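Peer 1: Data file query09.txt (compact mmCIF, all heavy atoms) is appended below.
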# COMPACT_ATOMS: atom_id res chain seq x y z
N MET A 1 -11.51 9.98 4.29
CA MET A 1 -10.50 9.90 3.25
C MET A 1 -10.56 8.51 2.64
O MET A 1 -10.60 7.51 3.36
CB MET A 1 -9.15 10.18 3.88
CG MET A 1 -7.98 9.76 3.09
SD MET A 1 -7.03 11.15 2.63
CE MET A 1 -6.53 10.69 1.03
N LYS A 2 -10.51 8.46 1.33
CA LYS A 2 -10.52 7.19 0.62
C LYS A 2 -9.39 7.17 -0.38
O LYS A 2 -9.09 8.18 -1.01
CB LYS A 2 -11.85 6.97 -0.09
CG LYS A 2 -13.01 6.84 0.86
CD LYS A 2 -14.30 6.62 0.14
CE LYS A 2 -15.42 6.55 1.16
NZ LYS A 2 -16.72 6.42 0.54
N ILE A 3 -8.75 6.00 -0.50
CA ILE A 3 -7.65 5.81 -1.44
C ILE A 3 -8.00 4.62 -2.32
O ILE A 3 -8.26 3.53 -1.81
CB ILE A 3 -6.32 5.56 -0.72
CG1 ILE A 3 -5.98 6.73 0.19
CG2 ILE A 3 -5.20 5.32 -1.74
CD1 ILE A 3 -4.79 6.49 1.07
N TYR A 4 -8.02 4.84 -3.63
CA TYR A 4 -8.29 3.78 -4.59
C TYR A 4 -7.02 3.56 -5.39
O TYR A 4 -6.56 4.46 -6.08
CB TYR A 4 -9.42 4.17 -5.54
CG TYR A 4 -10.72 4.52 -4.83
CD1 TYR A 4 -11.08 5.84 -4.60
CD2 TYR A 4 -11.56 3.52 -4.37
CE1 TYR A 4 -12.26 6.17 -3.96
CE2 TYR A 4 -12.75 3.83 -3.71
CZ TYR A 4 -13.09 5.16 -3.52
OH TYR A 4 -14.25 5.47 -2.88
N VAL A 5 -6.45 2.36 -5.32
CA VAL A 5 -5.27 2.01 -6.11
C VAL A 5 -5.76 1.20 -7.30
O VAL A 5 -6.24 0.08 -7.15
CB VAL A 5 -4.25 1.22 -5.28
CG1 VAL A 5 -3.04 0.89 -6.12
CG2 VAL A 5 -3.84 2.01 -4.05
N LEU A 6 -5.65 1.78 -8.49
CA LEU A 6 -6.10 1.15 -9.72
C LEU A 6 -4.92 0.54 -10.46
O LEU A 6 -3.78 0.60 -9.98
CB LEU A 6 -6.79 2.21 -10.59
CG LEU A 6 -7.91 3.00 -9.91
CD1 LEU A 6 -8.39 4.12 -10.81
CD2 LEU A 6 -9.06 2.09 -9.53
N ASP A 7 -5.18 -0.06 -11.61
CA ASP A 7 -4.11 -0.69 -12.39
C ASP A 7 -3.07 0.31 -12.87
O ASP A 7 -1.90 -0.01 -12.96
CB ASP A 7 -4.70 -1.42 -13.59
CG ASP A 7 -5.49 -2.65 -13.19
OD1 ASP A 7 -5.25 -3.17 -12.08
OD2 ASP A 7 -6.34 -3.08 -13.97
N LYS A 8 -3.50 1.51 -13.21
CA LYS A 8 -2.57 2.47 -13.79
C LYS A 8 -2.50 3.79 -13.04
O LYS A 8 -2.03 4.79 -13.57
CB LYS A 8 -2.96 2.75 -15.23
CG LYS A 8 -2.89 1.51 -16.08
CD LYS A 8 -2.76 1.84 -17.52
CE LYS A 8 -2.69 0.54 -18.28
NZ LYS A 8 -1.74 0.56 -19.31
N GLY A 9 -2.95 3.81 -11.81
CA GLY A 9 -2.89 5.05 -11.06
C GLY A 9 -3.50 4.93 -9.68
O GLY A 9 -3.93 3.86 -9.26
N VAL A 10 -3.53 6.07 -9.00
CA VAL A 10 -4.05 6.14 -7.64
C VAL A 10 -5.03 7.31 -7.57
O VAL A 10 -4.75 8.38 -8.10
CB VAL A 10 -2.91 6.36 -6.62
CG1 VAL A 10 -3.45 6.50 -5.22
CG2 VAL A 10 -1.91 5.23 -6.70
N VAL A 11 -6.17 7.10 -6.93
CA VAL A 11 -7.17 8.15 -6.75
C VAL A 11 -7.30 8.40 -5.26
O VAL A 11 -7.56 7.47 -4.48
CB VAL A 11 -8.53 7.75 -7.35
CG1 VAL A 11 -9.57 8.82 -7.08
CG2 VAL A 11 -8.42 7.48 -8.83
N LEU A 12 -7.11 9.66 -4.85
CA LEU A 12 -7.26 10.05 -3.46
C LEU A 12 -8.49 10.95 -3.35
O LEU A 12 -8.60 11.93 -4.08
CB LEU A 12 -6.03 10.82 -2.98
CG LEU A 12 -4.71 10.06 -3.04
CD1 LEU A 12 -3.54 11.01 -3.01
CD2 LEU A 12 -4.63 9.09 -1.90
N ALA A 13 -9.41 10.61 -2.46
CA ALA A 13 -10.62 11.39 -2.26
C ALA A 13 -10.70 11.80 -0.80
O ALA A 13 -10.61 10.97 0.09
CB ALA A 13 -11.84 10.57 -2.65
N GLY A 14 -10.85 13.09 -0.59
CA GLY A 14 -10.95 13.59 0.78
C GLY A 14 -10.70 15.08 0.80
O GLY A 14 -10.65 15.74 -0.23
N LYS A 15 -10.52 15.61 1.98
CA LYS A 15 -10.23 17.03 2.12
C LYS A 15 -8.77 17.28 1.74
O LYS A 15 -7.94 16.38 1.80
CB LYS A 15 -10.49 17.46 3.55
CG LYS A 15 -11.94 17.29 3.95
CD LYS A 15 -12.19 17.85 5.32
CE LYS A 15 -13.60 17.56 5.71
NZ LYS A 15 -14.48 18.67 5.57
N GLY A 16 -8.49 18.50 1.33
CA GLY A 16 -7.16 18.84 0.86
C GLY A 16 -6.06 18.53 1.86
O GLY A 16 -5.02 17.98 1.51
N TRP A 17 -6.28 18.87 3.12
CA TRP A 17 -5.25 18.63 4.13
C TRP A 17 -5.04 17.14 4.38
O TRP A 17 -3.93 16.70 4.68
CB TRP A 17 -5.57 19.36 5.44
CG TRP A 17 -6.82 18.90 6.13
CD1 TRP A 17 -8.09 19.38 5.97
CD2 TRP A 17 -6.92 17.84 7.09
NE1 TRP A 17 -8.96 18.69 6.77
CE2 TRP A 17 -8.28 17.74 7.47
CE3 TRP A 17 -6.00 16.97 7.67
CZ2 TRP A 17 -8.73 16.81 8.40
CZ3 TRP A 17 -6.45 16.05 8.61
CH2 TRP A 17 -7.80 15.98 8.96
N GLU A 18 -6.11 16.33 4.23
CA GLU A 18 -5.97 14.88 4.39
C GLU A 18 -5.14 14.28 3.27
O GLU A 18 -4.28 13.42 3.51
CB GLU A 18 -7.35 14.21 4.38
CG GLU A 18 -8.21 14.54 5.58
CD GLU A 18 -9.60 13.98 5.45
OE1 GLU A 18 -10.18 14.00 4.35
OE2 GLU A 18 -10.13 13.51 6.48
N ILE A 19 -5.38 14.75 2.05
CA ILE A 19 -4.64 14.25 0.89
C ILE A 19 -3.16 14.60 1.02
O ILE A 19 -2.28 13.77 0.79
CB ILE A 19 -5.25 14.78 -0.41
CG1 ILE A 19 -6.65 14.17 -0.61
CG2 ILE A 19 -4.35 14.49 -1.61
CD1 ILE A 19 -7.43 14.77 -1.75
N LYS A 20 -2.87 15.85 1.40
CA LYS A 20 -1.48 16.26 1.56
C LYS A 20 -0.78 15.44 2.63
O LYS A 20 0.37 15.02 2.47
CB LYS A 20 -1.41 17.75 1.92
CG LYS A 20 -1.66 18.66 0.75
CD LYS A 20 -1.72 20.12 1.15
CE LYS A 20 -0.38 20.63 1.57
NZ LYS A 20 -0.38 22.08 1.84
N GLN A 21 -1.47 15.17 3.72
CA GLN A 21 -0.89 14.38 4.82
C GLN A 21 -0.60 12.95 4.36
O GLN A 21 0.46 12.40 4.66
CB GLN A 21 -1.86 14.37 6.00
CG GLN A 21 -1.33 13.65 7.21
CD GLN A 21 -2.32 13.68 8.37
OE1 GLN A 21 -3.46 14.11 8.21
NE2 GLN A 21 -1.89 13.24 9.52
N LYS A 22 -1.53 12.33 3.62
CA LYS A 22 -1.32 10.97 3.13
C LYS A 22 -0.17 10.91 2.13
O LYS A 22 0.63 9.99 2.15
CB LYS A 22 -2.57 10.44 2.43
CG LYS A 22 -3.49 9.62 3.23
CD LYS A 22 -2.83 8.55 4.04
CE LYS A 22 -3.80 8.05 5.05
NZ LYS A 22 -3.30 7.12 6.00
N LEU A 23 -0.08 11.90 1.23
CA LEU A 23 1.01 11.91 0.25
C LEU A 23 2.36 12.06 0.94
O LEU A 23 3.33 11.42 0.54
CB LEU A 23 0.80 13.03 -0.76
CG LEU A 23 -0.34 12.80 -1.76
CD1 LEU A 23 -0.55 14.05 -2.60
CD2 LEU A 23 -0.06 11.60 -2.63
N LYS A 24 2.44 12.87 1.98
CA LYS A 24 3.69 12.99 2.73
C LYS A 24 4.05 11.68 3.42
O LYS A 24 5.21 11.30 3.49
CB LYS A 24 3.57 14.10 3.78
CG LYS A 24 3.66 15.47 3.18
CD LYS A 24 3.60 16.54 4.25
CE LYS A 24 3.64 17.92 3.62
NZ LYS A 24 3.58 18.97 4.63
N GLU A 25 3.04 10.97 3.90
CA GLU A 25 3.27 9.68 4.55
C GLU A 25 3.80 8.65 3.54
O GLU A 25 4.74 7.92 3.83
CB GLU A 25 1.96 9.18 5.15
CG GLU A 25 2.04 7.84 5.80
CD GLU A 25 0.68 7.38 6.31
OE1 GLU A 25 -0.14 8.23 6.69
OE2 GLU A 25 0.46 6.16 6.31
N TYR A 26 3.21 8.61 2.36
CA TYR A 26 3.59 7.63 1.36
C TYR A 26 4.87 7.98 0.62
O TYR A 26 5.50 7.12 0.04
CB TYR A 26 2.46 7.40 0.36
CG TYR A 26 1.38 6.50 0.91
CD1 TYR A 26 0.10 6.97 1.18
CD2 TYR A 26 1.65 5.16 1.18
CE1 TYR A 26 -0.87 6.14 1.69
CE2 TYR A 26 0.68 4.32 1.70
CZ TYR A 26 -0.57 4.82 1.95
OH TYR A 26 -1.53 3.99 2.47
N GLN A 27 5.29 9.24 0.63
CA GLN A 27 6.53 9.60 -0.07
C GLN A 27 7.75 9.01 0.64
O GLN A 27 8.80 8.84 0.02
CB GLN A 27 6.68 11.10 -0.22
CG GLN A 27 7.24 11.83 0.98
CD GLN A 27 7.35 13.32 0.75
OE1 GLN A 27 6.77 13.86 -0.18
NE2 GLN A 27 8.07 13.99 1.60
N ASP A 28 7.63 8.68 1.91
CA ASP A 28 8.73 8.04 2.63
C ASP A 28 8.87 6.56 2.27
O ASP A 28 9.94 5.99 2.38
CB ASP A 28 8.53 8.17 4.14
CG ASP A 28 8.60 9.62 4.60
OD1 ASP A 28 9.26 10.43 3.92
OD2 ASP A 28 7.98 9.93 5.63
N ARG A 29 7.77 5.94 1.84
CA ARG A 29 7.77 4.52 1.50
C ARG A 29 8.07 4.25 0.04
O ARG A 29 8.71 3.25 -0.28
CB ARG A 29 6.41 3.90 1.80
CG ARG A 29 6.07 3.86 3.24
CD ARG A 29 4.80 3.07 3.42
NE ARG A 29 4.16 3.42 4.68
CZ ARG A 29 2.95 3.05 5.01
NH1 ARG A 29 2.25 2.33 4.19
NH2 ARG A 29 2.45 3.39 6.16
N TYR A 30 7.56 5.09 -0.86
CA TYR A 30 7.64 4.82 -2.29
C TYR A 30 8.24 6.01 -3.03
O TYR A 30 7.91 7.15 -2.75
CB TYR A 30 6.25 4.53 -2.86
CG TYR A 30 5.52 3.43 -2.13
CD1 TYR A 30 4.45 3.71 -1.30
CD2 TYR A 30 5.92 2.11 -2.25
CE1 TYR A 30 3.78 2.71 -0.62
CE2 TYR A 30 5.27 1.09 -1.58
CZ TYR A 30 4.19 1.40 -0.77
OH TYR A 30 3.55 0.41 -0.09
N VAL A 31 9.10 5.70 -4.01
CA VAL A 31 9.68 6.75 -4.84
C VAL A 31 8.74 7.10 -5.98
O VAL A 31 8.53 8.27 -6.30
CB VAL A 31 11.05 6.29 -5.41
CG1 VAL A 31 11.64 7.33 -6.33
CG2 VAL A 31 12.01 6.00 -4.26
N TYR A 32 8.11 6.07 -6.57
CA TYR A 32 7.22 6.27 -7.71
C TYR A 32 5.84 5.71 -7.39
O TYR A 32 5.70 4.80 -6.57
CB TYR A 32 7.77 5.53 -8.94
CG TYR A 32 9.11 6.02 -9.39
CD1 TYR A 32 10.24 5.24 -9.19
CD2 TYR A 32 9.27 7.26 -9.98
CE1 TYR A 32 11.48 5.69 -9.59
CE2 TYR A 32 10.50 7.71 -10.38
CZ TYR A 32 11.61 6.93 -10.18
OH TYR A 32 12.83 7.37 -10.57
N VAL A 33 4.83 6.24 -8.07
CA VAL A 33 3.47 5.73 -7.93
C VAL A 33 3.41 4.28 -8.39
O VAL A 33 2.71 3.47 -7.81
CB VAL A 33 2.47 6.60 -8.73
CG1 VAL A 33 1.07 6.01 -8.70
CG2 VAL A 33 2.46 8.02 -8.19
N ASN A 34 4.18 3.94 -9.41
CA ASN A 34 4.23 2.58 -9.92
C ASN A 34 4.68 1.60 -8.82
O ASN A 34 4.16 0.49 -8.73
CB ASN A 34 5.18 2.50 -11.12
CG ASN A 34 5.06 1.20 -11.85
OD1 ASN A 34 3.99 0.60 -11.91
ND2 ASN A 34 6.16 0.75 -12.41
N ASP A 35 5.63 2.00 -7.99
CA ASP A 35 6.07 1.16 -6.88
C ASP A 35 4.92 0.92 -5.90
O ASP A 35 4.74 -0.19 -5.38
CB ASP A 35 7.23 1.81 -6.13
CG ASP A 35 8.45 2.00 -7.00
OD1 ASP A 35 8.58 1.28 -8.01
OD2 ASP A 35 9.27 2.86 -6.65
N TRP A 36 4.14 1.95 -5.64
CA TRP A 36 3.00 1.87 -4.73
C TRP A 36 1.96 0.89 -5.29
O TRP A 36 1.46 0.01 -4.58
CB TRP A 36 2.40 3.25 -4.58
CG TRP A 36 1.30 3.40 -3.58
CD1 TRP A 36 0.79 2.46 -2.74
CD2 TRP A 36 0.56 4.59 -3.33
NE1 TRP A 36 -0.22 2.99 -1.99
CE2 TRP A 36 -0.39 4.30 -2.33
CE3 TRP A 36 0.60 5.87 -3.85
CZ2 TRP A 36 -1.27 5.24 -1.85
CZ3 TRP A 36 -0.27 6.81 -3.36
CH2 TRP A 36 -1.20 6.50 -2.36
N ILE A 37 1.66 1.00 -6.58
CA ILE A 37 0.67 0.13 -7.21
C ILE A 37 1.13 -1.32 -7.17
O ILE A 37 0.36 -2.22 -6.84
CB ILE A 37 0.42 0.59 -8.66
CG1 ILE A 37 -0.26 1.96 -8.67
CG2 ILE A 37 -0.43 -0.43 -9.42
CD1 ILE A 37 -0.32 2.61 -10.02
N GLN A 38 2.39 -1.57 -7.49
CA GLN A 38 2.91 -2.93 -7.50
C GLN A 38 2.90 -3.54 -6.10
O GLN A 38 2.66 -4.73 -5.94
CB GLN A 38 4.31 -2.96 -8.09
CG GLN A 38 4.32 -2.74 -9.58
CD GLN A 38 5.72 -2.71 -10.14
OE1 GLN A 38 6.70 -2.81 -9.40
NE2 GLN A 38 5.83 -2.57 -11.44
N ASP A 39 3.19 -2.74 -5.10
CA ASP A 39 3.19 -3.24 -3.73
C ASP A 39 1.79 -3.64 -3.29
O ASP A 39 1.60 -4.68 -2.67
CB ASP A 39 3.77 -2.19 -2.79
CG ASP A 39 3.96 -2.72 -1.38
OD1 ASP A 39 4.34 -3.89 -1.25
OD2 ASP A 39 3.77 -1.94 -0.43
N VAL A 40 0.80 -2.84 -3.63
CA VAL A 40 -0.58 -3.14 -3.25
C VAL A 40 -1.09 -4.37 -4.00
O VAL A 40 -1.78 -5.20 -3.44
CB VAL A 40 -1.49 -1.92 -3.53
CG1 VAL A 40 -2.96 -2.29 -3.38
CG2 VAL A 40 -1.13 -0.79 -2.60
N GLN A 41 -0.69 -4.52 -5.26
CA GLN A 41 -1.15 -5.65 -6.06
C GLN A 41 -0.32 -6.90 -5.81
O GLN A 41 -0.60 -7.95 -6.38
CB GLN A 41 -1.12 -5.30 -7.54
CG GLN A 41 -2.13 -4.24 -7.91
CD GLN A 41 -2.05 -3.87 -9.38
OE1 GLN A 41 -1.13 -4.26 -10.08
NE2 GLN A 41 -3.01 -3.10 -9.83
N GLY A 42 0.71 -6.83 -4.99
CA GLY A 42 1.50 -8.00 -4.66
C GLY A 42 2.53 -8.36 -5.71
O GLY A 42 2.99 -9.48 -5.78
N GLN A 43 2.92 -7.39 -6.54
CA GLN A 43 3.91 -7.64 -7.59
C GLN A 43 5.21 -6.91 -7.28
O GLN A 43 5.86 -6.39 -8.15
CB GLN A 43 3.37 -7.15 -8.93
CG GLN A 43 2.10 -7.82 -9.36
CD GLN A 43 1.52 -7.18 -10.59
OE1 GLN A 43 2.03 -6.19 -11.08
NE2 GLN A 43 0.44 -7.73 -11.09
N GLY A 44 5.61 -6.90 -6.03
CA GLY A 44 6.79 -6.16 -5.61
C GLY A 44 8.10 -6.83 -5.94
O GLY A 44 9.14 -6.42 -5.45
N SER A 45 8.11 -7.84 -6.79
CA SER A 45 9.34 -8.56 -7.09
C SER A 45 10.19 -7.89 -8.16
O SER A 45 11.30 -8.33 -8.42
CB SER A 45 9.01 -9.99 -7.54
OG SER A 45 8.26 -9.96 -8.73
N LEU A 46 9.71 -6.84 -8.80
CA LEU A 46 10.48 -6.15 -9.82
C LEU A 46 11.58 -5.32 -9.16
O LEU A 46 11.41 -4.83 -8.04
CB LEU A 46 9.57 -5.24 -10.64
CG LEU A 46 8.50 -5.94 -11.48
CD1 LEU A 46 7.61 -4.92 -12.15
CD2 LEU A 46 9.14 -6.84 -12.51
N PRO A 47 12.72 -5.13 -9.82
CA PRO A 47 13.79 -4.33 -9.23
C PRO A 47 13.36 -2.87 -9.08
O PRO A 47 12.63 -2.34 -9.92
CB PRO A 47 14.94 -4.47 -10.22
CG PRO A 47 14.30 -4.87 -11.51
CD PRO A 47 13.06 -5.64 -11.14
N ALA A 48 13.80 -2.24 -8.02
CA ALA A 48 13.44 -0.85 -7.76
C ALA A 48 14.23 0.08 -8.66
O ALA A 48 15.42 -0.11 -8.89
CB ALA A 48 13.71 -0.52 -6.30
N LEU A 49 13.55 1.09 -9.18
CA LEU A 49 14.21 2.12 -9.97
C LEU A 49 14.81 3.15 -9.04
O LEU A 49 14.27 3.42 -7.96
CB LEU A 49 13.20 2.79 -10.91
CG LEU A 49 12.55 1.87 -11.93
CD1 LEU A 49 11.48 2.65 -12.68
CD2 LEU A 49 13.58 1.33 -12.90
N LYS A 50 15.91 3.73 -9.43
CA LYS A 50 16.56 4.72 -8.59
C LYS A 50 16.43 6.09 -9.23
O LYS A 50 16.56 6.24 -10.44
CB LYS A 50 18.02 4.39 -8.39
CG LYS A 50 18.22 3.11 -7.61
CD LYS A 50 19.66 2.85 -7.32
CE LYS A 50 19.79 1.55 -6.53
NZ LYS A 50 21.16 1.26 -6.20
N ARG A 51 16.18 7.08 -8.41
CA ARG A 51 16.05 8.44 -8.88
C ARG A 51 17.43 9.03 -9.11
O ARG A 51 18.32 8.92 -8.27
CB ARG A 51 15.30 9.27 -7.85
CG ARG A 51 15.11 10.71 -8.28
CD ARG A 51 14.37 11.50 -7.24
NE ARG A 51 13.00 11.02 -7.20
CZ ARG A 51 12.15 11.36 -6.26
NH1 ARG A 51 12.50 12.16 -5.29
NH2 ARG A 51 10.92 10.89 -6.28
N VAL A 52 17.61 9.68 -10.25
CA VAL A 52 18.87 10.33 -10.57
C VAL A 52 18.65 11.82 -10.47
O VAL A 52 17.76 12.36 -11.10
CB VAL A 52 19.34 9.95 -12.00
CG1 VAL A 52 20.63 10.68 -12.34
CG2 VAL A 52 19.51 8.45 -12.11
N LYS A 53 19.47 12.46 -9.67
CA LYS A 53 19.29 13.92 -9.47
C LYS A 53 20.26 14.70 -10.28
O LYS A 53 21.30 14.33 -10.65
CB LYS A 53 19.44 14.27 -8.01
CG LYS A 53 18.34 13.70 -7.18
CD LYS A 53 18.46 14.16 -5.76
CE LYS A 53 17.34 13.55 -4.93
NZ LYS A 53 17.36 13.99 -3.57
Now, as a test, write the supplied structure out as structure tokens.
Peer 2:
Amino acid sequence: MKIYVLDKGVVLAGKGWEIKQKLKEYQDRYVYVNDWIQDVQGQGSLPALKRVK
């Protein structure tokens, strides 16, 4: 399984069950993909957005 975090997105390469497992793992840490990208790039100082249901 390989995960590439780019400037404007995330690319997951692997078997289907591996990708689903990784996405479930990361959904507990990050609400948005943008949060994930900023954390990896070290720009986590922006205020977190909140999901409105």
Peer 1: Could you pull the residues within 4.5 Å of region 16-27 of chain A, counting all atoms listed in the file, minus those fewer than 6 positions along the same chain, as a CSV table (one decimal) with all heavy atoms, in the frame of the given file?
Peer 2:
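result.csv, freshly written:
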chain,number,residue,atom,x,y,z
A,1,MET,N,-11.5,10.0,4.3
A,1,MET,CA,-10.5,9.9,3.2
A,1,MET,C,-10.6,8.5,2.6
A,1,MET,O,-10.6,7.5,3.4
A,1,MET,CB,-9.2,10.2,3.9
A,1,MET,CG,-8.0,9.8,3.1
A,1,MET,SD,-7.0,11.2,2.6
A,1,MET,CE,-6.5,10.7,1.0
A,3,ILE,N,-8.8,6.0,-0.5
A,3,ILE,CA,-7.6,5.8,-1.4
A,3,ILE,C,-8.0,4.6,-2.3
A,3,ILE,O,-8.3,3.5,-1.8
A,3,ILE,CB,-6.3,5.6,-0.7
A,3,ILE,CG1,-6.0,6.7,0.2
A,3,ILE,CG2,-5.2,5.3,-1.7
A,3,ILE,CD1,-4.8,6.5,1.1
A,36,TRP,N,4.1,2.0,-5.6
A,36,TRP,CA,3.0,1.9,-4.7
A,36,TRP,C,2.0,0.9,-5.3
A,36,TRP,O,1.5,0.0,-4.6
A,36,TRP,CB,2.4,3.2,-4.6
A,36,TRP,CG,1.3,3.4,-3.6
A,36,TRP,CD1,0.8,2.5,-2.7
A,36,TRP,CD2,0.6,4.6,-3.3
A,36,TRP,NE1,-0.2,3.0,-2.0
A,36,TRP,CE2,-0.4,4.3,-2.3
A,36,TRP,CE3,0.6,5.9,-3.8
A,36,TRP,CZ2,-1.3,5.2,-1.8
A,36,TRP,CZ3,-0.3,6.8,-3.4
A,36,TRP,CH2,-1.2,6.5,-2.4
Peer 1: Show me, as a PDB file with all heavy atoms, keeping the file's coordinate frame, the residues that have an atom within 5 Å of Gln41 (chain A) when counting all heavy atoms, minus same-chain residues fewer than 4 positions from it.
Peer 2:
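The resulting file, selection_29.pdb, is shown below:
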ATOM      1  N   LEU A   6      -5.650   1.780  -8.490  1.00  0.00           N
ATOM      2  CA  LEU A   6      -6.100   1.150  -9.720  1.00  0.00           C
ATOM      3  C   LEU A   6      -4.920   0.540 -10.460  1.00  0.00           C
ATOM      4  O   LEU A   6      -3.780   0.600  -9.980  1.00  0.00           O
ATOM      5  CB  LEU A   6      -6.790   2.210 -10.590  1.00  0.00           C
ATOM      6  CG  LEU A   6      -7.910   3.000  -9.910  1.00  0.00           C
ATOM      7  CD1 LEU A   6      -8.390   4.120 -10.810  1.00  0.00           C
ATOM      8  CD2 LEU A   6      -9.060   2.090  -9.530  1.00  0.00           C
ATOM      9  N   ASP A   7      -5.180  -0.060 -11.610  1.00  0.00           N
ATOM     10  CA  ASP A   7      -4.110  -0.690 -12.390  1.00  0.00           C
ATOM     11  C   ASP A   7      -3.070   0.310 -12.870  1.00  0.00           C
ATOM     12  O   ASP A   7      -1.900  -0.010 -12.960  1.00  0.00           O
ATOM     13  CB  ASP A   7      -4.700  -1.420 -13.590  1.00  0.00           C
ATOM     14  CG  ASP A   7      -5.490  -2.650 -13.190  1.00  0.00           C
ATOM     15  OD1 ASP A   7      -5.250  -3.170 -12.080  1.00  0.00           O
ATOM     16  OD2 ASP A   7      -6.340  -3.080 -13.970  1.00  0.00           O
ATOM     17  N   ILE A  37       1.660   1.000  -6.580  1.00  0.00           N
ATOM     18  CA  ILE A  37       0.670   0.130  -7.210  1.00  0.00           C
ATOM     19  C   ILE A  37       1.130  -1.320  -7.170  1.00  0.00           C
ATOM     20  O   ILE A  37       0.360  -2.220  -6.840  1.00  0.00           O
ATOM     21  CB  ILE A  37       0.420   0.590  -8.660  1.00  0.00           C
ATOM     22  CG1 ILE A  37      -0.260   1.960  -8.670  1.00  0.00           C
ATOM     23  CG2 ILE A  37      -0.430  -0.430  -9.420  1.00  0.00           C
ATOM     24  CD1 ILE A  37      -0.320   2.610 -10.020  1.00  0.00           C
TER      25      ILE A  37
END
Peer 1: Could you tell me how far CA of Val10 (chain A) sits from atom O of Asn34 (chain A), in Å to one decimal place?
Peer 2: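 Calculated distance between atom O of Asn34 (chain A) and CA of Val10 (chain A) is 10.0 Å.
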Peer 1: What does the distance between CA of Gly14 (chain A) and CB of Val40 (chain A) come to in Å, to one decimal place?
Peer 2: 18.7 Å
Peer 1: One decimal, in Å: what's the spacing between CG1 of Val31 (chain A) and CG of Lys15 (chain A)?
Peer 2: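 For CG1 of Val31 (chain A) relative to CG of Lys15 (chain A), the distance reads 27.6 Å.
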